[in-house]
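Trainee: One file is attached below, coords_20.txt, containing compact mmCIF, C-alpha atoms.
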```
# COMPACT_ATOMS: atom_id res chain seq x y z
CA MET B 1 0.00 0.00 0.00
CA THR B 2 1.47 3.30 -0.94
CA SER B 3 1.68 6.28 1.39
CA LYS B 4 -0.47 8.20 -1.08
CA THR B 5 -3.37 5.76 -0.62
CA VAL B 6 -3.05 5.93 3.16
CA GLY B 7 -3.14 9.72 3.02
CA ARG B 8 -6.37 9.71 1.01
CA ARG B 9 -8.05 7.34 3.47
CA GLY B 10 -7.00 9.56 6.34
CA GLN B 11 -8.49 12.59 4.66
CA GLY B 12 -11.70 10.67 4.01
CA GLY B 13 -11.96 9.76 7.67
CA GLN B 14 -11.48 13.39 8.69
CA VAL B 15 -14.20 14.52 6.31
CA LEU B 16 -16.57 11.90 7.74
CA ILE B 17 -15.86 13.04 11.28
CA MET B 18 -16.37 16.69 10.32
CA ALA B 19 -19.62 15.82 8.54
CA VAL B 20 -20.93 13.99 11.58
CA LEU B 21 -20.00 16.91 13.81
CA MET B 22 -21.64 19.40 11.45
CA MET B 23 -24.79 17.30 11.30
CA ALA B 24 -24.90 17.24 15.08
CA VAL B 25 -24.51 21.04 15.23
CA VAL B 26 -27.17 21.58 12.56
CA ALA B 27 -29.51 19.14 14.30
CA GLY B 28 -28.94 20.96 17.58
CA PHE B 29 -29.71 24.38 16.08
CA THR B 30 -32.76 22.97 14.28
CA ALA B 31 -34.04 21.48 17.51
CA LEU B 32 -33.39 24.73 19.36
CA THR B 33 -35.20 26.71 16.63
CA ILE B 34 -38.25 24.44 16.88
CA ASP B 35 -38.31 24.72 20.65
CA VAL B 36 -37.91 28.51 20.53
CA GLY B 37 -40.81 28.69 18.07
CA LEU B 38 -42.98 26.58 20.37
CA PHE B 39 -41.88 28.68 23.33
CA LEU B 40 -42.79 31.95 21.60
CA HIS B 41 -46.16 30.55 20.51
CA GLN B 42 -47.01 29.58 24.07
CA ARG B 43 -45.69 32.93 25.26
CA ARG B 44 -48.17 34.74 22.98
CA GLN B 45 -50.99 32.53 24.23
CA LEU B 46 -50.02 33.27 27.83
CA GLN B 47 -49.89 37.03 27.16
CA ASN B 48 -53.33 36.91 25.50
CA ALA B 49 -54.67 35.13 28.58
CA ALA B 50 -53.12 37.76 30.87
CA ASP B 51 -54.61 40.61 28.80
CA ALA B 52 -58.09 39.04 28.76
CA THR B 53 -57.95 38.34 32.49
CA ALA B 54 -56.93 41.90 33.37
CA LEU B 55 -59.59 43.45 31.14
CA ALA B 56 -62.34 41.23 32.53
CA GLY B 57 -61.35 41.88 36.13
CA ALA B 58 -61.13 45.64 35.60
CA THR B 59 -64.78 45.80 34.52
CA ALA B 60 -65.75 45.08 38.13
CA LEU B 61 -63.65 47.91 39.60
CA PRO B 62 -63.74 49.75 41.95
CA ASP B 63 -64.99 46.67 43.83
CA ALA B 64 -61.61 45.05 44.48
CA SER B 65 -63.01 41.75 45.78
CA GLN B 66 -65.39 41.31 42.85
CA ALA B 67 -62.66 42.31 40.41
CA GLN B 68 -60.35 39.61 41.75
CA VAL B 69 -63.11 36.99 41.57
CA LYS B 70 -63.90 37.97 37.98
CA ALA B 71 -60.21 37.87 37.06
CA GLN B 72 -59.94 34.32 38.42
CA GLN B 73 -63.01 33.25 36.46
CA TRP B 74 -61.65 34.66 33.22
CA ALA B 75 -58.22 33.21 33.82
CA THR B 76 -59.82 29.78 34.01
CA LYS B 77 -61.81 30.47 30.82
CA ASN B 78 -58.54 31.30 29.08
CA GLY B 79 -56.83 28.06 30.02
CA ILE B 80 -54.98 29.20 33.14
CA ASP B 81 -54.80 26.52 35.85
CA VAL B 82 -55.76 28.74 38.80
CA SER B 83 -55.79 25.91 41.34
CA GLY B 84 -52.41 24.78 40.05
CA GLY B 85 -50.80 28.14 40.75
CA GLU B 86 -50.62 29.45 37.18
CA LEU B 87 -52.43 32.64 38.25
CA GLU B 88 -49.47 34.01 40.17
CA SER B 89 -50.97 37.30 41.32
CA VAL B 90 -53.98 39.58 41.03
CA SER B 91 -53.74 43.04 42.57
CA VAL B 92 -55.86 46.17 42.60
CA SER B 93 -54.21 49.57 42.84
CA THR B 94 -55.00 53.27 42.65
CA TYR B 95 -53.71 55.64 39.99
CA ARG B 96 -56.25 58.42 39.42
CA VAL B 97 -59.08 57.44 41.73
CA THR B 98 -59.45 54.65 44.27
CA ASN B 99 -59.16 51.13 42.83
CA ASP B 100 -59.00 52.11 39.16
CA ARG B 101 -56.33 49.58 38.07
CA LEU B 102 -56.02 45.81 38.13
CA SER B 103 -52.79 43.91 37.43
CA VAL B 104 -52.34 40.19 36.84
CA THR B 105 -49.35 37.91 36.38
CA VAL B 106 -49.72 34.41 35.00
CA LYS B 107 -47.03 31.76 34.66
CA ARG B 108 -46.54 28.36 33.08
CA ASP B 109 -43.80 25.74 33.09
CA VAL B 110 -42.80 24.91 29.52
CA SER B 111 -40.85 21.77 28.67
CA PHE B 112 -38.40 21.67 25.79
CA VAL B 113 -38.94 18.92 23.25
CA PHE B 114 -35.72 18.76 21.25
CA GLY B 115 -33.56 21.03 23.34
CA ARG B 116 -32.96 18.26 25.84
CA VAL B 117 -30.02 17.08 23.67
CA LEU B 118 -28.39 20.40 24.57
CA GLY B 119 -29.20 20.05 28.25
CA LEU B 120 -32.32 22.27 28.13
CA THR B 121 -35.20 20.62 29.96
CA SER B 122 -37.80 23.27 30.93
CA ASP B 123 -38.34 26.91 31.78
CA THR B 124 -41.00 29.02 33.51
CA MET B 125 -42.55 31.77 31.42
CA ARG B 126 -44.53 34.67 32.81
CA ALA B 127 -46.85 37.27 31.34
CA SER B 128 -48.25 40.37 33.02
CA ALA B 129 -50.98 42.85 32.12
CA THR B 130 -52.59 45.89 33.74
CA ALA B 131 -56.01 47.21 32.82
CA GLY B 132 -57.63 50.37 34.12
CA ARG B 133 -60.86 52.32 34.12
CA VAL B 134 -59.77 55.45 32.32
CA PRO B 135 -61.76 58.69 31.80
CA VAL B 136 -63.08 59.39 28.34
CA THR B 137 -61.85 62.72 27.01
CA ALA B 138 -63.41 62.46 23.54
CA SER B 139 -66.13 60.23 22.15
CA CYS B 140 -68.86 59.69 19.64
CA ILE B 141 -71.90 61.31 21.21
CA ALA B 142 -75.67 60.98 21.06
CA PRO B 143 -77.41 63.89 19.28
CA TRP B 144 -78.57 65.50 22.51
CA ALA B 145 -76.84 67.69 25.07
CA VAL B 146 -77.26 69.08 28.56
CA GLN B 147 -76.80 72.79 29.13
CA GLY B 148 -74.38 73.41 31.98
CA VAL B 149 -74.51 76.30 34.40
CA VAL B 150 -70.80 76.93 35.10
CA ASN B 151 -67.70 75.79 33.26
CA ASN B 152 -66.30 74.04 36.31
CA ALA B 153 -65.99 70.26 36.44
CA SER B 154 -65.27 70.28 40.19
CA ALA B 155 -68.66 71.98 40.69
CA ASP B 156 -70.43 69.37 38.53
CA PHE B 157 -70.92 72.12 35.91
CA GLY B 158 -73.68 73.42 38.21
CA LEU B 159 -75.80 70.34 37.49
CA ASN B 160 -77.55 68.06 39.95
CA PRO B 161 -75.70 64.72 39.66
CA THR B 162 -78.71 62.60 40.62
CA ALA B 163 -81.54 64.56 38.98
CA LEU B 164 -83.76 63.31 36.18
CA TYR B 165 -82.82 65.04 32.92
CA THR B 166 -85.44 65.35 30.22
CA PHE B 167 -84.86 65.89 26.51
CA GLN B 168 -88.03 67.53 25.34
CA LEU B 169 -86.96 68.27 21.76
CA SER B 170 -89.66 70.91 21.74
CA ALA B 171 -89.32 74.06 19.66
CA SER B 172 -91.85 75.93 21.77
CA ASN B 173 -89.88 75.46 24.98
CA TRP B 174 -86.44 75.34 23.41
CA ASN B 175 -84.43 77.36 25.89
CA SER B 176 -86.63 77.17 28.95
CA PRO B 177 -84.85 76.11 32.14
CA GLY B 178 -84.63 72.33 32.31
CA ASN B 179 -85.52 71.85 28.62
CA PHE B 180 -83.04 70.55 26.10
CA GLY B 181 -82.97 70.31 22.34
CA ALA B 182 -81.37 68.02 19.80
CA LEU B 183 -78.09 68.82 18.02
CA ALA B 184 -77.29 68.10 14.39
CA VAL B 185 -73.92 66.66 15.37
CA TYR B 186 -73.48 64.27 12.44
CA GLY B 187 -75.59 66.00 9.81
CA SER B 188 -78.90 67.80 9.71
CA GLY B 189 -80.92 65.30 7.67
CA THR B 190 -83.54 62.98 9.12
CA SER B 191 -81.48 59.89 8.28
CA ASP B 192 -78.41 61.51 9.89
CA TYR B 193 -80.35 62.05 13.09
CA ARG B 194 -81.73 58.51 13.11
CA ASN B 195 -78.24 57.09 12.57
CA ALA B 196 -76.91 59.15 15.46
CA VAL B 197 -79.77 57.95 17.69
CA LYS B 198 -78.93 54.36 16.76
CA GLY B 199 -75.31 54.92 17.80
CA ASN B 200 -73.60 54.82 14.41
CA CYS B 201 -70.18 56.39 14.67
CA GLY B 202 -66.98 56.77 12.73
CA GLN B 203 -68.25 57.65 9.25
CA VAL B 204 -69.24 61.30 9.67
CA ASN B 205 -67.25 64.01 11.40
CA ALA B 206 -68.90 65.97 14.20
CA CYS B 207 -70.25 69.42 13.34
CA GLY B 208 -67.88 69.89 10.41
CA SER B 209 -64.77 69.10 12.46
CA ALA B 210 -61.97 66.75 11.43
CA SER B 211 -63.11 63.86 13.63
CA PRO B 212 -66.24 61.97 14.65
CA TYR B 213 -65.07 62.32 18.26
CA VAL B 214 -66.28 65.25 20.33
CA ALA B 215 -63.61 66.32 22.79
CA GLU B 216 -63.83 68.01 26.17
CA GLY B 217 -62.95 71.68 25.84
CA SER B 218 -63.65 71.85 22.11
CA THR B 219 -65.69 74.47 20.28
CA LEU B 220 -67.91 73.16 17.51
CA ALA B 221 -70.07 74.91 14.93
CA CYS B 222 -73.22 72.90 15.50
CA ALA B 223 -76.79 73.44 14.39
CA THR B 224 -80.00 72.51 16.09
CA GLN B 225 -81.73 69.44 14.68
CA THR B 226 -85.00 69.97 12.87
CA GLY B 227 -87.55 67.57 11.43
CA SER B 228 -89.83 64.92 12.86
CA LEU B 229 -87.80 64.41 16.01
CA GLY B 230 -90.40 62.55 18.04
CA GLN B 231 -91.15 59.76 15.59
CA ASN B 232 -87.53 59.39 14.46
CA THR B 233 -86.28 59.34 18.04
CA ASN B 234 -88.71 56.60 18.98
CA GLU B 235 -88.01 54.50 15.89
CA GLY B 236 -84.25 54.89 16.22
CA LEU B 237 -84.24 53.93 19.89
CA ALA B 238 -86.67 51.05 19.35
CA GLU B 239 -84.31 49.67 16.71
CA ARG B 240 -81.27 50.13 18.95
CA TYR B 241 -82.95 48.69 22.06
CA PRO B 242 -85.33 45.84 21.14
CA SER B 243 -88.60 45.61 23.06
CA SER B 244 -87.39 42.34 24.59
CA THR B 245 -85.00 44.41 26.76
CA TRP B 246 -87.47 47.08 27.90
CA SER B 247 -88.84 45.29 30.96
CA THR B 248 -85.27 44.67 32.18
CA CYS B 249 -83.70 48.01 31.37
CA ASP B 250 -86.47 50.61 31.72
CA VAL B 251 -86.22 52.77 34.83
CA THR B 252 -89.20 54.48 36.47
CA ALA B 253 -88.58 58.16 37.16
CA GLY B 254 -88.84 58.81 40.88
CA PRO B 255 -86.88 58.96 44.14
CA ASN B 256 -85.07 55.70 43.37
CA GLY B 257 -84.57 56.41 39.68
CA TYR B 258 -80.89 57.35 39.84
CA ALA B 259 -79.91 54.34 41.98
CA ASP B 260 -81.95 52.04 39.75
CA ALA B 261 -80.33 53.42 36.59
CA LYS B 262 -76.88 53.00 38.08
CA ALA B 263 -77.61 49.38 39.03
CA LYS B 264 -79.10 48.52 35.65
CA SER B 265 -76.20 50.10 33.78
CA ASP B 266 -74.06 47.23 35.09
CA LEU B 267 -76.36 44.56 33.63
CA GLN B 268 -75.10 43.01 30.43
CA ALA B 269 -78.48 43.47 28.74
CA CYS B 270 -78.57 47.17 29.62
CA LYS B 271 -74.99 48.34 29.13
CA ASP B 272 -75.81 49.83 25.74
CA ARG B 273 -78.43 52.06 27.38
CA VAL B 274 -75.51 54.24 28.49
CA VAL B 275 -74.57 56.79 25.82
CA SER B 276 -72.14 59.67 25.79
CA ILE B 277 -73.58 63.18 25.66
CA ALA B 278 -72.02 66.64 25.77
CA VAL B 279 -72.36 69.21 28.54
CA ILE B 280 -72.45 72.51 26.65
CA ASN B 281 -72.57 76.21 27.40
CA ALA B 282 -75.73 76.97 25.37
CA PHE B 283 -77.89 75.67 22.56
CA PRO B 284 -77.79 77.32 19.14
CA PRO B 285 -80.86 79.39 18.26
CA GLN B 286 -83.64 77.24 16.89
CA GLY B 287 -82.97 76.16 13.31
CA GLN B 288 -79.57 77.89 13.20
CA SER B 289 -75.89 77.07 13.58
CA ALA B 290 -73.65 78.54 16.25
CA ASN B 291 -70.40 77.83 18.03
CA ILE B 292 -71.02 75.78 21.14
CA GLU B 293 -68.47 75.12 23.86
CA VAL B 294 -68.18 71.53 25.04
CA TRP B 295 -67.45 71.88 28.73
CA GLY B 296 -67.40 68.16 29.34
CA LEU B 297 -68.77 64.73 28.46
CA SER B 298 -71.08 62.57 30.52
CA GLY B 299 -72.42 59.09 30.48
CA PHE B 300 -76.21 59.21 30.23
CA TYR B 301 -78.50 56.28 31.02
CA ILE B 302 -81.62 56.32 28.85
CA ALA B 303 -84.23 55.45 31.44
CA ARG B 304 -87.08 55.48 28.96
CA TRP B 305 -88.54 57.34 26.01
CA ASP B 306 -92.01 58.20 24.73
CA ARG B 307 -93.14 55.34 22.46
CA TRP B 308 -96.66 56.58 21.69
CA PRO B 309 -97.80 59.33 19.34
CA PRO B 310 -98.31 62.19 19.60
CA TYR B 311 -94.68 61.93 20.70
CA GLY B 312 -93.50 64.17 23.47
CA ASN B 313 -96.82 64.56 25.28
CA GLY B 314 -95.53 62.54 28.22
CA ASN B 315 -98.97 61.11 28.92
CA ASN B 316 -98.22 57.45 28.32
CA PRO B 317 -96.59 56.87 30.68
CA PRO B 318 -95.97 59.88 32.93
CA PRO B 319 -93.70 61.31 34.17
CA PRO B 320 -92.23 63.53 32.82
CA ASN B 321 -94.72 65.78 31.10
CA ASP B 322 -93.76 66.86 27.58
CA GLY B 323 -90.78 64.48 27.65
CA MET B 324 -89.39 62.58 24.68
CA ILE B 325 -86.32 61.00 26.30
CA TRP B 326 -85.37 61.01 29.94
CA GLY B 327 -82.65 59.56 32.12
CA TYR B 328 -79.74 60.17 34.46
CA LEU B 329 -76.14 61.35 34.26
CA LEU B 330 -74.03 58.40 35.31
CA PRO B 331 -70.48 59.02 36.52
CA SER B 332 -68.10 56.12 35.92
CA SER B 333 -70.31 54.37 33.39
CA SER B 334 -68.37 52.40 30.81
CA LEU B 335 -68.46 52.82 27.04
CA PRO B 336 -67.04 50.55 24.33
CA SER B 337 -63.41 51.34 23.53
CA TRP B 338 -63.97 51.77 19.79
CA SER B 339 -66.23 54.76 20.35
CA VAL B 340 -63.94 56.83 22.58
CA GLN B 341 -60.54 58.38 23.09
CA TRP B 342 -59.18 58.49 26.60
CA GLY B 343 -56.56 60.08 28.83
CA TRP B 344 -55.54 60.30 32.48
CA ASP B 345 -55.81 64.09 32.72
CA SER B 346 -59.59 64.51 32.90
CA SER B 347 -61.04 65.75 36.19
CA ASN B 348 -64.61 65.59 34.93
CA PRO B 349 -66.74 63.75 37.51
CA PHE B 350 -69.34 62.86 34.87
CA ALA B 351 -66.84 61.50 32.37
CA PRO B 352 -67.69 58.07 30.99
CA LEU B 353 -64.96 55.50 31.42
CA VAL B 354 -63.36 52.96 29.15
CA VAL B 355 -61.78 49.75 30.41
CA THR B 356 -58.52 49.34 28.54
CA LEU B 357 -55.03 47.90 28.87
CA VAL B 358 -52.62 50.48 30.27
CA LYS B 359 -49.57 48.21 30.54
```
Would you mind writing the structure in this file as structure tokens?

Mentor:
Amino acid sequence: MTSKTVGRRGQGGQVLIMAVLMMAVVAGFTALTIDVGLFLHQRRQLQNAADATALAGATALPDASQAQVKAQQWATKNGIDVSGGELESVSVSTYRVTNDRLSVTVKRDVSFVFGRVLGLTSDTMRASATAGRVPVTASCIAPWAVQGVVNNASADFGLNPTALYTFQLSASNWNSPGNFGALAVYGSGTSDYRNAVKGNCGQVNACGSASPYVAEGSTLACATQTGSLGQNTNEGLAERYPSSTWSTCDVTAGPNGYADAKAKSDLQACKDRVVSIAVINAFPPQGQSANIEVWGLSGFYIARWDRWPPYGNGNNPPPPNDGMIWGYLLPSSSLPSWSVQWGWDSSNPFAPLVVTLVK
């Protein structure tokens, strides 16, 4: 055997050894890549569960005990083994007002599948989320407004927080004390008004502005709404709130009306009865446009409306006389996040709230 042949065999053996080593390295990286992919997938699932748990729990704030119970229930619904310790913590804290934030941390032990060949067996992943009840500073609004007395949020704009407020939509009593008209916020046509009553938002800008959202402190060139307000109000509201919900969500005006409205606003069937309205400095003259100042926004629970012609006579059922829509200003009522913009700087006690992730 020549030395040349021996040399070639030696080189072949080295190449084989290198190939085996390279295959092992490639296999190791491939296994690690697969495990990392699985890890990241489970990490996203865990973060989604944390987000959903925090949001659900925050809807029960400021009741800290109920919020924690609701968070545990939703953690279970999202695949978190609460009894097994995967819900690591649930805490309620204060940022702007008492008990307005809820934080959760969830964890899960994740085993590696292929990484064991590299000595990786398992790891504990965690995900955290914080949700809060945050004041609404701009929102889509219903086509009605309440006239304030003073531009001072700390003085409740001079309004009675628990009083019954009536939208009479009556030209004859347009600016009388306690009477309120309709605003052509999203257009002056009959169909525009009906769409606004039904809660449509996002397609038409408010009073010729650059946004459908009406913001606290803004000045808008709005007109009063004209047309068949009574019939269109009734038909729009009846479409938005089916008659099957009336017995559950209607509130009788009286000494217990405010408390009843507040309690019913928390019912799932009645949440949509809360709309956002503007507190303004003054109504435009009847049938005209004028600049109005939006002092603030308020949640408003629609207690009931007149469903019988001639609309607005208030006779079926009373009270109130000459009323078309009536209800209560509800501080801390929640609105859907798509219909609002929010911020921490509002001091408006009537401001609706949105439950949203803040961390």

Trainee: As a PyMOL selection string, please: the residues near segment 269-285 of chain B (cut-off 9 Å, only C-alpha atoms, same-chain neighbours under 5 positions excluded).

Mentor: chain B and resi 139-151+157+174-175+180-183+199+214-216+222-224+240-241+245+248-250+264+290-303+330+333-336+351-352

Trainee: Write out as a PyMOL selection string which residues come within 6 Å of Lys107 of chain B when counting only C-alpha atoms, dropping same-chain ones fewer than 6 positions away.

Mentor: chain B and resi 86+125-126

Trainee: As an exercise, work out the distance from atom CA of Thr356 of chain B to atom CA of Gly84 of chain B in Å and give it to one decimal place.

Mentor: 27.8 Å

Trainee: Considering only C-alpha atoms, can you say which of B:Asp63, B:Lys262, B:Lys70, B:Asp109 comes closest to Gly85 of chain B?

Mentor: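 Residue with the minimum atom-to-atom distance to Gly85 of chain B: B:Asp109.
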
Trainee: For Glu235 of chain B, please output as a ChimeraX atom specification all residues within 10 Å (counting only C-alpha atoms; exclusion window: fewer than 3 positions along the same chain).

Mentor: /B:194,197-198,229-232,238-241,307

Trainee: Write out, as a PDB file, in the frame of the given file, the residues just selected, with C-alpha atoms.

Mentor:
```
ATOM      1  CA  ARG B 194     -81.730  58.510  13.110  1.00  0.00           C
ATOM      2  CA  VAL B 197     -79.770  57.950  17.690  1.00  0.00           C
ATOM      3  CA  LYS B 198     -78.930  54.360  16.760  1.00  0.00           C
ATOM      4  CA  LEU B 229     -87.800  64.410  16.010  1.00  0.00           C
ATOM      5  CA  GLY B 230     -90.400  62.550  18.040  1.00  0.00           C
ATOM      6  CA  GLN B 231     -91.150  59.760  15.590  1.00  0.00           C
ATOM      7  CA  ASN B 232     -87.530  59.390  14.460  1.00  0.00           C
ATOM      8  CA  ALA B 238     -86.670  51.050  19.350  1.00  0.00           C
ATOM      9  CA  GLU B 239     -84.310  49.670  16.710  1.00  0.00           C
ATOM     10  CA  ARG B 240     -81.270  50.130  18.950  1.00  0.00           C
ATOM     11  CA  TYR B 241     -82.950  48.690  22.060  1.00  0.00           C
ATOM     12  CA  ARG B 307     -93.140  55.340  22.460  1.00  0.00           C
TER      13      ARG B 307
END
```

Trainee: With distances taken over all atoms listed in the file, which of B:Ala60, B:Asn48, B:Gly132, B:Leu164 is nearest to Val106 of chain B?

Mentor: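 Ranking B:Ala60, B:Asn48, B:Gly132, B:Leu164 by distance to Val106 of chain B, first place goes to B:Asn48.
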
Trainee: Given the point (-73.1, 62.1, 11.6) in the file's coordinates, find the residues that have an atom at most 8 Å from it, counting all atoms listed in the file, and give them as a list in words.

Mentor: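 Residues with an atom close enough to that point: Ala184, Val185, Tyr186, Gly187, Asp192, Tyr193, Asn195, Ala196, Asn200, Cys201, Gln203, Val204, Asn205, Ala206 and Pro212 of chain B.
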
Trainee: What is the atom CA of Asn99 of chain B to atom CA of Arg133 of chain B distance in Å?

Mentor: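 For atom CA of Asn99 of chain B relative to atom CA of Arg133 of chain B, the distance reads 9.0 Å.
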
Trainee: Record the distance separating atom CA of Asp156 of chain B and atom CA of Ala58 of chain B, expressed in Å with one decimal.

Mentor: 25.7 Å

Trainee: Of the candidates B:Gln268, B:Tyr258, B:Leu353, B:Arg108, which one gets nearest to Asn160 of chain B if we count all atoms listed in the file?

Mentor: B:Tyr258

Trainee: Taking all atoms of segment 323-335 of chain B that the file lists and extending 8 Å past them on each side, where is the centre of the axis-aligned box and how long are its edges? Answer in Å to one decimal, as AutoDock Vina command-line options.

Mentor:
```
--center_x -79.4 --center_y 58.4 --center_z 30.6 --size_x 38.7 --size_y 28.1 --size_z 27.8
```

Trainee: From the list B:Pro161, B:Gln72, B:Ala138, B:Thr226, which residue is nearest Gly287 of chain B when using all atoms listed in the file?

Mentor: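 With all atoms listed in the file as the atom set, the closest residue is B:Thr226.
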
Trainee: Tell me which of B:Arg43, B:Val134, B:Arg101, B:Ser347 sits closest to Ser154 of chain B, counting only C-alpha atoms.

Mentor: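 For Ser154 of chain B, the nearest of the candidates is B:Ser347.
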
Trainee: Fewer than 6 positions away in the same chain doesn't count, so skip those; otherwise give me all residues within 6 Å of Ser103 of chain B, counting only C-alpha atoms, as a PyMOL selection string.

Mentor: chain B and resi 90-91+129-130

Trainee: With distances taken over all atoms listed in the file, which of B:Val110, B:Leu237, B:Leu87, B:Ala131 is nearest to Gly57 of chain B?

Mentor: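 Of all the options, B:Ala131 lies closest to Gly57 of chain B.
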